file upload-v1.cif (mmCIF, C-alpha atoms)
data_start
#
loop_
_atom_site.label_atom_id
_atom_site.label_comp_id
_atom_site.auth_asym_id
_atom_site.auth_seq_id
_atom_site.Cartn_x
_atom_site.Cartn_y
_atom_site.Cartn_z
CA MET A 1 31.32 4.64 -19.35
CA ALA A 2 32.54 5.91 -15.99
CA GLN A 3 31.58 9.45 -15.06
CA PRO A 4 34.60 11.84 -14.93
CA ALA A 5 35.61 12.69 -11.39
CA TRP A 6 35.22 16.41 -12.04
CA GLN A 7 31.65 16.12 -13.29
CA ASP A 8 28.82 16.80 -10.85
CA PRO A 9 26.59 13.80 -10.10
CA VAL A 10 23.40 13.71 -12.17
CA PRO A 11 20.24 13.45 -10.05
CA LEU A 12 17.76 10.70 -10.79
CA SER A 13 15.08 11.94 -13.15
CA PRO A 14 11.49 11.54 -11.88
CA ASP A 15 10.42 10.06 -15.20
CA THR A 16 12.86 7.15 -14.75
CA ALA A 17 10.97 5.84 -11.71
CA PRO A 18 8.93 2.65 -12.34
CA VAL A 19 5.27 3.71 -12.40
CA PRO A 20 2.58 1.40 -10.95
CA GLU A 21 0.45 -0.45 -13.50
CA TYR A 22 -2.65 1.66 -12.96
CA GLY A 23 -5.49 0.56 -15.21
CA SER A 24 -4.17 -2.90 -16.07
CA GLY A 25 -2.34 -4.49 -13.14
CA SER A 26 -2.53 -2.57 -9.85
CA LEU A 27 -4.37 -3.13 -6.58
CA ALA A 28 -6.93 -0.55 -7.69
CA ASP A 29 -7.84 -2.80 -10.62
CA LEU A 30 -8.54 -5.98 -8.63
CA LEU A 31 -12.07 -5.53 -7.27
CA PRO A 32 -13.39 -3.82 -10.42
CA THR A 33 -12.20 -6.84 -12.41
CA LEU A 34 -13.81 -9.32 -10.00
CA VAL A 35 -17.20 -7.60 -9.86
CA ALA A 36 -17.22 -7.05 -13.62
CA GLY A 37 -17.17 -10.83 -13.86
CA GLN A 38 -20.14 -10.91 -11.48
CA GLU A 39 -22.03 -8.56 -13.79
CA VAL A 40 -22.05 -5.55 -11.46
CA PRO A 41 -22.95 -2.54 -13.67
CA GLY A 42 -20.35 0.13 -14.35
CA PHE A 43 -17.26 -2.04 -14.09
CA SER A 44 -14.97 -3.65 -16.66
CA ALA A 45 -12.22 -6.25 -16.38
CA ALA A 46 -9.14 -4.08 -15.87
CA ILE A 47 -6.81 -7.05 -15.24
CA PRO A 48 -7.38 -9.03 -18.42
CA GLU A 49 -5.59 -12.18 -17.22
CA LEU A 50 -8.26 -13.00 -14.60
CA THR A 51 -11.15 -15.36 -15.33
CA PRO A 52 -14.59 -14.57 -13.83
CA ALA A 53 -15.96 -16.52 -10.87
CA ASP A 54 -19.35 -16.43 -9.14
CA ARG A 55 -17.75 -16.28 -5.71
CA ASN A 56 -14.63 -14.19 -5.11
CA CYS A 57 -12.56 -13.96 -1.94
CA VAL A 58 -9.62 -11.57 -1.45
CA PHE A 59 -7.19 -12.37 1.37
CA LEU A 60 -4.90 -9.38 1.91
CA ILE A 61 -1.78 -10.04 3.98
CA ASP A 62 -0.36 -6.74 5.16
CA GLY A 63 3.29 -6.31 4.22
CA LEU A 64 3.85 -9.58 2.36
CA GLY A 65 5.26 -8.50 -0.98
CA TRP A 66 6.11 -10.61 -4.02
CA GLU A 67 9.83 -10.71 -3.31
CA GLN A 68 9.29 -11.82 0.29
CA ILE A 69 7.30 -14.87 -0.87
CA LYS A 70 9.83 -15.67 -3.59
CA GLY A 71 12.67 -15.50 -1.08
CA HIS A 72 11.16 -17.77 1.57
CA PRO A 73 10.08 -21.11 0.09
CA ASP A 74 10.82 -22.99 3.33
CA GLU A 75 8.78 -20.70 5.59
CA ALA A 76 5.89 -20.28 3.12
CA PRO A 77 5.67 -23.53 1.15
CA PHE A 78 1.98 -23.16 0.29
CA LEU A 79 2.19 -19.52 -0.82
CA HIS A 80 5.42 -20.21 -2.70
CA SER A 81 3.77 -23.11 -4.53
CA LEU A 82 1.10 -20.69 -5.76
CA LEU A 83 3.52 -18.24 -7.39
CA PRO A 84 2.92 -19.70 -10.89
CA THR A 85 -0.83 -19.00 -10.46
CA SER A 86 -0.31 -15.29 -9.86
CA ARG A 87 -2.09 -12.84 -12.11
CA GLY A 88 -4.25 -15.36 -13.90
CA GLY A 89 -1.57 -18.03 -14.29
CA THR A 90 1.06 -15.76 -15.84
CA GLY A 91 3.29 -16.09 -12.78
CA ARG A 92 3.59 -12.32 -12.57
CA PRO A 93 2.91 -9.87 -9.73
CA ILE A 94 0.77 -6.76 -9.76
CA THR A 95 1.75 -3.37 -8.33
CA ALA A 96 0.61 -1.68 -5.16
CA GLY A 97 0.41 1.98 -6.22
CA PHE A 98 2.25 5.01 -4.88
CA PRO A 99 3.06 5.38 -2.15
CA SER A 100 3.24 1.68 -1.28
CA THR A 101 1.71 2.09 2.16
CA THR A 102 -1.28 0.62 3.95
CA ALA A 103 -3.78 3.49 4.01
CA THR A 104 -3.19 4.28 0.34
CA SER A 105 -3.30 0.66 -0.77
CA LEU A 106 -6.42 -0.29 1.20
CA ALA A 107 -8.23 2.73 -0.23
CA SER A 108 -7.15 1.66 -3.73
CA VAL A 109 -8.38 -1.89 -3.13
CA GLY A 110 -11.74 -0.89 -1.70
CA THR A 111 -12.64 1.97 -4.02
CA GLY A 112 -11.09 0.62 -7.21
CA LEU A 113 -9.48 4.04 -7.68
CA ALA A 114 -5.89 5.22 -7.87
CA PRO A 115 -4.55 7.52 -5.09
CA GLY A 116 -5.00 10.67 -7.16
CA GLU A 117 -8.75 10.06 -7.13
CA HIS A 118 -9.54 8.45 -3.77
CA GLY A 119 -7.36 11.05 -2.08
CA LEU A 120 -5.29 9.07 0.42
CA PRO A 121 -1.91 9.72 -1.24
CA GLY A 122 0.36 8.96 1.70
CA TYR A 123 0.82 7.96 5.32
CA THR A 124 0.58 11.59 6.42
CA VAL A 125 -0.40 14.42 4.08
CA ARG A 126 -1.32 18.07 4.46
CA ASP A 127 -4.98 18.95 4.74
CA PRO A 128 -5.31 22.02 2.48
CA GLY A 129 -8.30 23.18 4.51
CA THR A 130 -6.45 23.36 7.84
CA GLY A 131 -2.79 23.38 6.85
CA ALA A 132 -2.13 20.54 9.32
CA LEU A 133 -0.74 17.08 8.66
CA MET A 134 -3.41 14.38 8.47
CA ASN A 135 -2.48 10.81 9.44
CA GLN A 136 -4.65 8.74 7.10
CA LEU A 137 -3.99 5.42 8.84
CA ARG A 138 -4.89 6.61 12.34
CA TRP A 139 -7.22 9.37 11.04
CA GLN A 140 -5.69 12.07 13.21
CA PRO A 141 -6.70 14.82 13.52
CA TRP A 142 -10.34 13.92 12.97
CA THR A 143 -11.62 14.77 9.51
CA GLU A 144 -15.09 13.95 8.21
CA PRO A 145 -14.50 10.66 6.32
CA LYS A 146 -16.97 11.16 3.48
CA VAL A 147 -15.63 14.64 2.80
CA TRP A 148 -12.08 13.35 2.68
CA GLN A 149 -12.99 10.35 0.47
CA PRO A 150 -16.43 10.82 -1.14
CA TYR A 151 -16.53 7.91 -3.60
CA PRO A 152 -18.53 4.73 -2.90
CA THR A 153 -16.59 1.53 -2.35
CA VAL A 154 -16.78 -1.40 -4.76
CA PHE A 155 -18.29 -3.40 -1.89
CA GLN A 156 -21.15 -0.91 -1.55
CA LEU A 157 -21.87 -0.94 -5.28
CA ALA A 158 -21.76 -4.74 -5.46
CA ASP A 159 -23.97 -5.13 -2.39
CA ALA A 160 -26.53 -2.74 -3.89
CA VAL A 161 -27.11 -5.07 -6.84
CA GLY A 162 -27.40 -8.26 -4.85
CA VAL A 163 -23.85 -9.60 -4.54
CA HIS A 164 -23.42 -11.16 -1.09
CA THR A 165 -20.69 -8.92 0.32
CA ALA A 166 -18.68 -9.21 3.54
CA GLN A 167 -15.47 -8.11 5.22
CA VAL A 168 -13.88 -10.37 7.85
CA SER A 169 -11.20 -8.70 9.94
CA ALA A 170 -10.17 -7.77 13.48
CA PRO A 171 -13.12 -6.41 15.49
CA ASP A 172 -11.27 -3.15 16.22
CA PHE A 173 -11.37 -2.22 12.55
CA GLU A 174 -15.17 -2.26 12.23
CA ARG A 175 -15.80 1.41 12.98
CA THR A 176 -12.54 3.03 11.95
CA PRO A 177 -12.75 5.90 9.45
CA LEU A 178 -10.35 4.08 7.11
CA THR A 179 -12.69 1.08 7.01
CA ARG A 180 -15.63 3.40 6.44
CA VAL A 181 -14.13 5.16 3.42
CA ALA A 182 -12.25 2.20 1.92
CA LEU A 183 -13.77 -1.14 2.86
CA SER A 184 -17.40 -0.70 3.93
CA GLY A 185 -20.38 -2.31 2.23
CA GLY A 186 -22.38 -5.41 3.07
CA SER A 187 -21.56 -7.10 6.39
CA PHE A 188 -18.54 -6.62 8.65
CA LEU A 189 -17.68 -9.67 10.76
CA GLY A 190 -15.09 -9.13 13.48
CA ARG A 191 -13.01 -12.18 14.37
CA LEU A 192 -10.01 -12.13 16.69
CA SER A 193 -8.04 -15.15 15.56
CA GLY A 194 -6.68 -15.75 12.11
CA GLU A 195 -8.24 -19.20 12.04
CA ASP A 196 -11.68 -17.79 12.82
CA ARG A 197 -11.26 -15.25 10.03
CA MET A 198 -10.43 -17.94 7.49
CA ASP A 199 -13.35 -20.14 8.57
CA THR A 200 -15.79 -17.22 8.56
CA ALA A 201 -14.59 -15.99 5.17
CA ALA A 202 -15.24 -19.42 3.68
CA GLN A 203 -18.71 -19.53 5.24
CA ARG A 204 -19.64 -16.10 3.94
CA LEU A 205 -18.33 -17.01 0.51
CA ALA A 206 -20.75 -19.94 0.42
CA ALA A 207 -23.69 -17.86 1.61
CA GLY A 208 -24.54 -16.35 -1.78
CA ASP A 209 -24.75 -17.42 -5.39
CA ARG A 210 -22.64 -14.35 -6.13
CA SER A 211 -20.27 -13.47 -3.28
CA LEU A 212 -17.51 -10.95 -2.66
CA VAL A 213 -15.59 -11.52 0.58
CA TYR A 214 -12.53 -9.67 1.88
CA THR A 215 -10.36 -10.79 4.78
CA TYR A 216 -7.18 -9.34 6.22
CA TYR A 217 -4.21 -10.18 8.44
CA SER A 218 -1.83 -7.52 9.75
CA GLU A 219 0.91 -9.07 11.87
CA VAL A 220 3.36 -9.94 9.10
CA ASP A 221 3.66 -6.18 8.62
CA GLY A 222 3.77 -5.56 12.37
CA LYS A 223 6.67 -7.92 12.98
CA GLY A 224 8.46 -6.61 9.89
CA HIS A 225 8.31 -3.03 11.13
CA ARG A 226 9.51 -3.93 14.60
CA PHE A 227 12.14 -6.58 13.89
CA GLY A 228 12.74 -6.49 10.13
CA VAL A 229 12.03 -9.03 7.41
CA ASP A 230 15.33 -10.75 8.19
CA SER A 231 14.20 -11.67 11.71
CA ASP A 232 12.99 -14.90 13.29
CA ALA A 233 9.87 -13.08 14.52
CA TRP A 234 8.95 -12.12 10.96
CA ARG A 235 9.64 -15.61 9.66
CA GLY A 236 7.40 -17.03 12.36
CA GLN A 237 4.56 -14.83 11.21
CA LEU A 238 5.17 -15.87 7.61
CA MET A 239 4.90 -19.53 8.59
CA TYR A 240 1.69 -18.82 10.46
CA VAL A 241 0.02 -16.90 7.65
CA ASP A 242 1.06 -19.58 5.17
CA GLY A 243 -1.01 -21.99 7.23
CA LEU A 244 -3.93 -19.56 7.28
CA ALA A 245 -3.89 -19.27 3.50
CA ARG A 246 -3.90 -23.06 3.14
CA ARG A 247 -6.76 -23.34 5.65
CA LEU A 248 -8.90 -20.92 3.65
CA ALA A 249 -8.03 -22.50 0.31
CA GLU A 250 -9.06 -25.94 1.54
CA GLN A 251 -12.53 -24.67 2.50
CA LEU A 252 -13.53 -22.91 -0.71
CA PRO A 253 -17.12 -23.64 -1.75
CA PRO A 254 -17.86 -24.55 -5.39
CA ARG A 255 -17.51 -21.89 -8.12
CA SER A 256 -15.05 -19.87 -6.03
CA ALA A 257 -11.82 -18.01 -6.68
CA LEU A 258 -9.46 -17.04 -3.85
CA TYR A 259 -6.97 -14.24 -4.49
CA ILE A 260 -4.12 -13.77 -2.02
CA THR A 261 -2.46 -10.38 -2.25
CA ALA A 262 -0.78 -7.66 -0.16
CA ASP A 263 -0.75 -3.91 0.23
CA HIS A 264 3.03 -3.52 -0.17
CA GLY A 265 6.34 -5.27 0.33
CA MET A 266 9.02 -4.31 2.84
CA ILE A 267 12.74 -3.64 3.06
CA ASP A 268 15.11 -3.58 6.04
CA ILE A 269 17.23 -0.45 6.44
CA PRO A 270 20.44 -0.55 8.52
CA PHE A 271 20.64 1.59 11.63
CA ASP A 272 23.49 3.84 10.57
CA GLU A 273 23.80 7.51 9.62
CA ARG A 274 24.47 6.75 5.99
CA SER A 275 21.25 4.75 5.61
CA ARG A 276 19.05 6.88 7.87
CA ILE A 277 19.11 10.60 7.08
CA ASP A 278 17.61 12.52 9.99
CA PHE A 279 15.55 15.46 8.73
CA ASP A 280 15.26 16.90 12.23
CA GLU A 281 19.05 17.20 12.45
CA ASP A 282 19.72 18.34 8.88
CA TRP A 283 19.61 22.11 8.41
CA GLU A 284 19.91 21.88 4.62
CA LEU A 285 16.89 19.64 4.15
CA SER A 286 14.76 21.46 6.72
CA ALA A 287 15.41 24.97 5.36
CA GLY A 288 12.23 26.43 3.90
CA VAL A 289 10.14 23.39 4.89
CA ALA A 290 6.89 24.05 6.74
CA LEU A 291 5.78 20.43 7.10
CA LEU A 292 7.35 17.02 6.49
CA GLY A 293 4.77 14.40 5.58
CA GLY A 294 4.67 10.89 4.19
CA GLU A 295 7.09 8.35 5.62
CA GLY A 296 10.76 7.49 5.43
CA ARG A 297 10.85 6.13 1.88
CA ALA A 298 8.09 8.29 0.40
CA ARG A 299 8.22 11.85 1.67
CA HIS A 300 5.75 14.67 1.01
CA VAL A 301 7.56 17.96 1.60
CA TYR A 302 5.50 21.13 2.07
CA ALA A 303 7.43 24.35 1.62
CA VAL A 304 6.79 27.70 3.25
CA PRO A 305 5.11 30.07 0.74
CA GLY A 306 7.53 31.18 -1.94
CA ALA A 307 10.20 28.61 -1.09
CA GLN A 308 9.02 25.72 -3.27
CA ALA A 309 11.66 26.11 -5.96
CA ASP A 310 14.49 26.47 -3.45
CA VAL A 311 13.37 23.41 -1.46
CA LEU A 312 13.14 21.34 -4.63
CA ALA A 313 16.62 22.43 -5.70
CA VAL A 314 18.19 21.62 -2.33
CA TRP A 315 16.48 18.25 -1.94
CA ARG A 316 17.47 17.30 -5.46
CA GLU A 317 21.07 18.39 -4.87
CA VAL A 318 21.42 16.63 -1.51
CA LEU A 319 19.37 13.48 -2.18
CA GLY A 320 19.08 13.22 -5.95
CA GLU A 321 21.43 10.25 -6.33
CA GLN A 322 19.53 8.19 -3.75
CA PHE A 323 15.94 9.37 -4.24
CA TRP A 324 13.71 10.26 -7.14
CA VAL A 325 13.00 13.87 -6.16
CA ALA A 326 10.09 15.48 -7.99
CA SER A 327 7.96 18.58 -7.78
CA ARG A 328 4.24 18.03 -7.37
CA ASP A 329 3.66 18.73 -11.06
CA GLU A 330 6.48 16.39 -12.12
CA ALA A 331 5.20 13.52 -9.97
CA ILE A 332 1.68 13.99 -11.29
CA ALA A 333 2.87 14.19 -14.89
CA ALA A 334 4.95 11.03 -14.41
CA GLY A 335 1.83 9.19 -13.25
CA TRP A 336 3.01 8.32 -9.75
CA PHE A 337 -0.45 8.86 -8.24
CA GLY A 338 -2.44 7.54 -11.19
CA PRO A 339 -3.75 8.87 -14.49
CA ARG A 340 -6.16 11.37 -12.93
CA ILE A 341 -5.84 13.79 -10.01
CA ASP A 342 -8.97 15.16 -8.39
CA GLU A 343 -8.72 18.86 -7.61
CA ARG A 344 -9.47 18.23 -3.93
CA VAL A 345 -6.42 15.90 -3.82
CA ARG A 346 -3.85 18.10 -5.53
CA GLY A 347 -3.08 20.20 -2.45
CA ARG A 348 -2.57 17.09 -0.33
CA ILE A 349 0.42 16.08 -2.44
CA GLY A 350 3.74 17.61 -1.37
CA ASP A 351 5.33 20.55 -3.10
CA VAL A 352 8.25 18.14 -3.33
CA ILE A 353 8.03 14.33 -3.28
CA ALA A 354 11.07 12.19 -2.46
CA ALA A 355 10.80 8.47 -3.28
CA ALA A 356 13.72 6.27 -2.25
CA HIS A 357 15.75 4.54 -4.95
CA ASP A 358 18.55 3.19 -2.72
CA ASP A 359 18.42 1.38 0.63
CA VAL A 360 17.94 4.58 2.60
CA ILE A 361 15.23 6.46 4.49
CA ILE A 362 14.59 10.00 5.72
CA THR A 363 13.75 9.80 9.41
CA ALA A 364 12.52 12.51 11.77
CA SER A 365 13.89 11.51 15.15
CA VAL A 366 12.18 14.28 17.13
CA ASN A 367 8.77 14.45 15.47
CA GLU A 368 8.47 10.79 14.43
CA PRO A 369 10.33 8.77 17.10
CA ASN A 370 8.32 5.57 16.65
CA GLU A 371 8.47 5.54 12.86
CA SER A 372 12.18 6.42 12.95
CA ALA A 373 12.89 3.34 15.08
CA MET A 374 11.34 0.86 12.62
CA ALA A 375 13.64 -1.81 11.23
CA GLY A 376 11.51 -2.70 8.20
CA VAL A 377 9.95 0.02 6.08
CA HIS A 378 8.17 0.61 2.76
CA GLY A 379 6.55 3.32 0.68
CA SER A 380 8.59 3.84 -2.45
CA LEU A 381 8.50 2.69 -6.08
CA THR A 382 11.19 0.00 -5.95
CA PRO A 383 10.23 -3.59 -6.83
CA VAL A 384 10.66 -4.92 -3.28
CA GLU A 385 8.02 -2.44 -2.08
CA GLN A 386 5.80 -2.15 -5.16
CA LEU A 387 5.37 -5.71 -6.37
CA VAL A 388 2.63 -7.69 -4.65
CA PRO A 389 1.29 -11.17 -5.35
CA LEU A 390 -2.05 -12.05 -6.87
CA LEU A 391 -2.02 -15.75 -6.05
CA GLU A 392 -5.06 -17.73 -7.12
CA VAL A 393 -6.86 -20.86 -5.90
CA ARG A 394 -10.08 -22.09 -7.57
CA SER A 395 -12.63 -24.67 -6.58
#
call {"tool": "encode", "arguments": {"input": "upload-v1.cif", "output": "structure tokens"}}
result
Amino acid sequence: MAQPAWQDPVPLSPDTAPVPEYGSGSLADLLPTLVAGQEVPGFSAAIPELTPADRNCVFLIDGLGWEQIKGHPDEAPFLHSLLPTSRGGTGRPITAGFPSTTATSLASVGTGLAPGEHGLPGYTVRDPGTGALMNQLRWQPWTEPKVWQPYPTVFQLADAVGVHTAQVSAPDFERTPLTRVALSGGSFLGRLSGEDRMDTAAQRLAAGDRSLVYTYYSEVDGKGHRFGVDSDAWRGQLMYVDGLARRLAEQLPPRSALYITADHGMIDIPFDERSRIDFDEDWELSAGVALLGGEGRARHVYAVPGAQADVLAVWREVLGEQFWVASRDEAIAAGWFGPRIDERVRGRIGDVIAAAHDDVIITASVNEPNESAMAGVHGSLTPVEQLVPLLEVRS
């Protein structure tokens, strides 16, 4: 039934947002499931559809969501052919976690924990100890990594009990704080070219009777941010990474399982005022706000003391038809950040969280000029951002 013209629009309720499948089908559940099958103590098979293997390799392609593979059979014939294998042959995706952004997702993969526990709940979040915004991808300003994220990684726990463990990625990532808190354990092997990474990953997989190998490629995401997922540059990267995946699959040693996944999907947002709401130019949205964190489609909003209720009311009134707008307590209760929230993490989450429902972002043209100029973006709870593949090849 159509809504009467005189009736005020009803804001989206936070509890109507699709919640990631924490505990049964999210990125945080992947490594615990794999090492449970390798008999690493303390883990259980959280994704029940997967079958154990002695040697497991995870190839994470940054930014290549489920819907991007489905929509590009010509550019990614190998990956597209594997869609029926996803999630243990069910032909279904898994979910990234919230927000669907690289730092959060990589921490979920490596620790086997949801964002509310590992404590990287956004692109930028407030550090309760300093009151400043902390960029968790670039790790600025410097914060002691093991204080910020104190849990061991799954790689460390597997390596400690004799699983041959390795990460194969770009050399620049070896000593980054994000690698340290999310992906460390066993050996790190830096390789510049994608082909070298695939060849090295296959070699390391064969080096142990029980192996856990992780490899990563970033430029699908890079081209998507710069040019959009509807660009020739992005399609070229998709074609290239499709070849990388095939190269790795063809080299699997016996008793191996290769899982191809991603940290998030991506969506293109038009460059117009209706689609890009500029926080730095909007007096209503900025009133009472001390800090704006997160990113365009998943904002953490930190209010000045005493203004939390007013900021929530205004954001819900202005944006509530286009965004799921929630208070911190509402987002936690809805399960956006996982079933458990560590006390040290609670203050990092915004007083207000705004997750995009429509094809729209909140930019900050003055304070975030580079991010505001991106064509392709991600972060929210919509299927195009949340759903990621779990394609499988076995030898």
call {"tool": "atom_distance", "arguments": {"input": "upload-v1.cif", "atom1": "CA of Ala166 in chain A", "atom2": "CA of Val213 in chain A"}}
result
4.9 Å
call {"tool": "residues_around", "arguments": {"input": "upload-v1.cif", "residues": "Ala245 in chain A", "least_positions_apart": "4", "cutoff": "8 Å", "atoms": "all atoms listed in the file", "output": "PyMOL selection string"}}
result
chain A and resi 59+78-79+198+241+249+260
call {"tool": "resolve_selection", "arguments": {"input": "upload-v1.cif", "expression": "the PyMOL selection byres ((chain A and resi 354) around 10)", "output": "PyMOL selection string"}}
result
chain A and resi 14+294-301+312+315-316+319-320+322-327+331+350+352-353+355-357+361-362+380
call {"tool": "write_last_selection", "arguments": {"input": "upload-v1.cif", "atoms": "C-alpha atoms", "output": "short mmCIF file (atom, residue, chain, number, x, y, z; two decimals), in the frame of the given file"}}
result
data_model
loop_
_atom_site.label_atom_id
_atom_site.label_comp_id
_atom_site.auth_asym_id
_atom_site.auth_seq_id
_atom_site.Cartn_x
_atom_site.Cartn_y
_atom_site.Cartn_z
CA PRO A 14 11.49 11.54 -11.88
CA GLY A 294 4.67 10.89 4.19
CA GLU A 295 7.09 8.35 5.62
CA GLY A 296 10.76 7.49 5.43
CA ARG A 297 10.85 6.13 1.88
CA ALA A 298 8.09 8.29 0.40
CA ARG A 299 8.22 11.85 1.67
CA HIS A 300 5.75 14.67 1.01
CA VAL A 301 7.56 17.96 1.60
CA LEU A 312 13.14 21.34 -4.63
CA TRP A 315 16.48 18.25 -1.94
CA ARG A 316 17.47 17.30 -5.46
CA LEU A 319 19.37 13.48 -2.18
CA GLY A 320 19.08 13.22 -5.95
CA GLN A 322 19.53 8.19 -3.75
CA PHE A 323 15.94 9.37 -4.24
CA TRP A 324 13.71 10.26 -7.14
CA VAL A 325 13.00 13.87 -6.16
CA ALA A 326 10.09 15.48 -7.99
CA SER A 327 7.96 18.58 -7.78
CA ALA A 331 5.20 13.52 -9.97
CA GLY A 350 3.74 17.61 -1.37
CA VAL A 352 8.25 18.14 -3.33
CA ILE A 353 8.03 14.33 -3.28
CA ALA A 355 10.80 8.47 -3.28
CA ALA A 356 13.72 6.27 -2.25
CA HIS A 357 15.75 4.54 -4.95
CA ILE A 361 15.23 6.46 4.49
CA ILE A 362 14.59 10.00 5.72
CA SER A 380 8.59 3.84 -2.45
#
call {"tool": "closest_residue", "arguments": {"input": "upload-v1.cif", "among": "A:Arg226, A:Arg87, A:His378, A:Arg55", "to": "Val360 in chain A", "atoms": "only C-alpha atoms"}}
result
A:His378
call {"tool": "residues_around", "arguments": {"input": "upload-v1.cif", "residues": "Pro145 in chain A", "least_positions_apart": "6", "cutoff": "10 Å", "atoms": "only C-alpha atoms", "output": "short mmCIF file (atom, residue, chain, number, x, y, z; two decimals) with C-alpha atoms, in the coordinates of the input"}}
result
data_model
loop_
_atom_site.label_atom_id
_atom_site.label_comp_id
_atom_site.auth_asym_id
_atom_site.auth_seq_id
_atom_site.Cartn_x
_atom_site.Cartn_y
_atom_site.Cartn_z
CA TRP A 139 -7.22 9.37 11.04
CA THR A 176 -12.54 3.03 11.95
CA PRO A 177 -12.75 5.90 9.45
CA LEU A 178 -10.35 4.08 7.11
CA THR A 179 -12.69 1.08 7.01
CA ARG A 180 -15.63 3.40 6.44
CA VAL A 181 -14.13 5.16 3.42
CA ALA A 182 -12.25 2.20 1.92
#
call {"tool": "closest_residue", "arguments": {"input": "upload-v1.cif", "among": "A:Pro270, A:Pro152, A:Leu238, A:Gly306", "to": "His80 in chain A", "atoms": "all atoms listed in the file"}}
result
A:Leu238
call {"tool": "resolve_selection", "arguments": {"input": "upload-v1.cif", "expression": "the PyMOL selection byres ((chain A and resi 261) around 7)", "output": "mmCIF file with C-alpha atoms, keeping the file's coordinate frame"}}
result
data_model
loop_
_atom_site.group_PDB
_atom_site.id
_atom_site.type_symbol
_atom_site.label_atom_id
_atom_site.label_comp_id
_atom_site.auth_asym_id
_atom_site.auth_seq_id
_atom_site.Cartn_x
_atom_site.Cartn_y
_atom_site.Cartn_z
ATOM 1 C CA PHE A 59 -7.190 -12.370 1.370
ATOM 2 C CA LEU A 60 -4.900 -9.380 1.910
ATOM 3 C CA ILE A 61 -1.780 -10.040 3.980
ATOM 4 C CA TYR A 259 -6.970 -14.240 -4.490
ATOM 5 C CA ILE A 260 -4.120 -13.770 -2.020
ATOM 6 C CA ALA A 262 -0.780 -7.660 -0.160
ATOM 7 C CA VAL A 388 2.630 -7.690 -4.650
ATOM 8 C CA PRO A 389 1.290 -11.170 -5.350
ATOM 9 C CA LEU A 390 -2.050 -12.050 -6.870
ATOM 10 C CA LEU A 391 -2.020 -15.750 -6.050
#
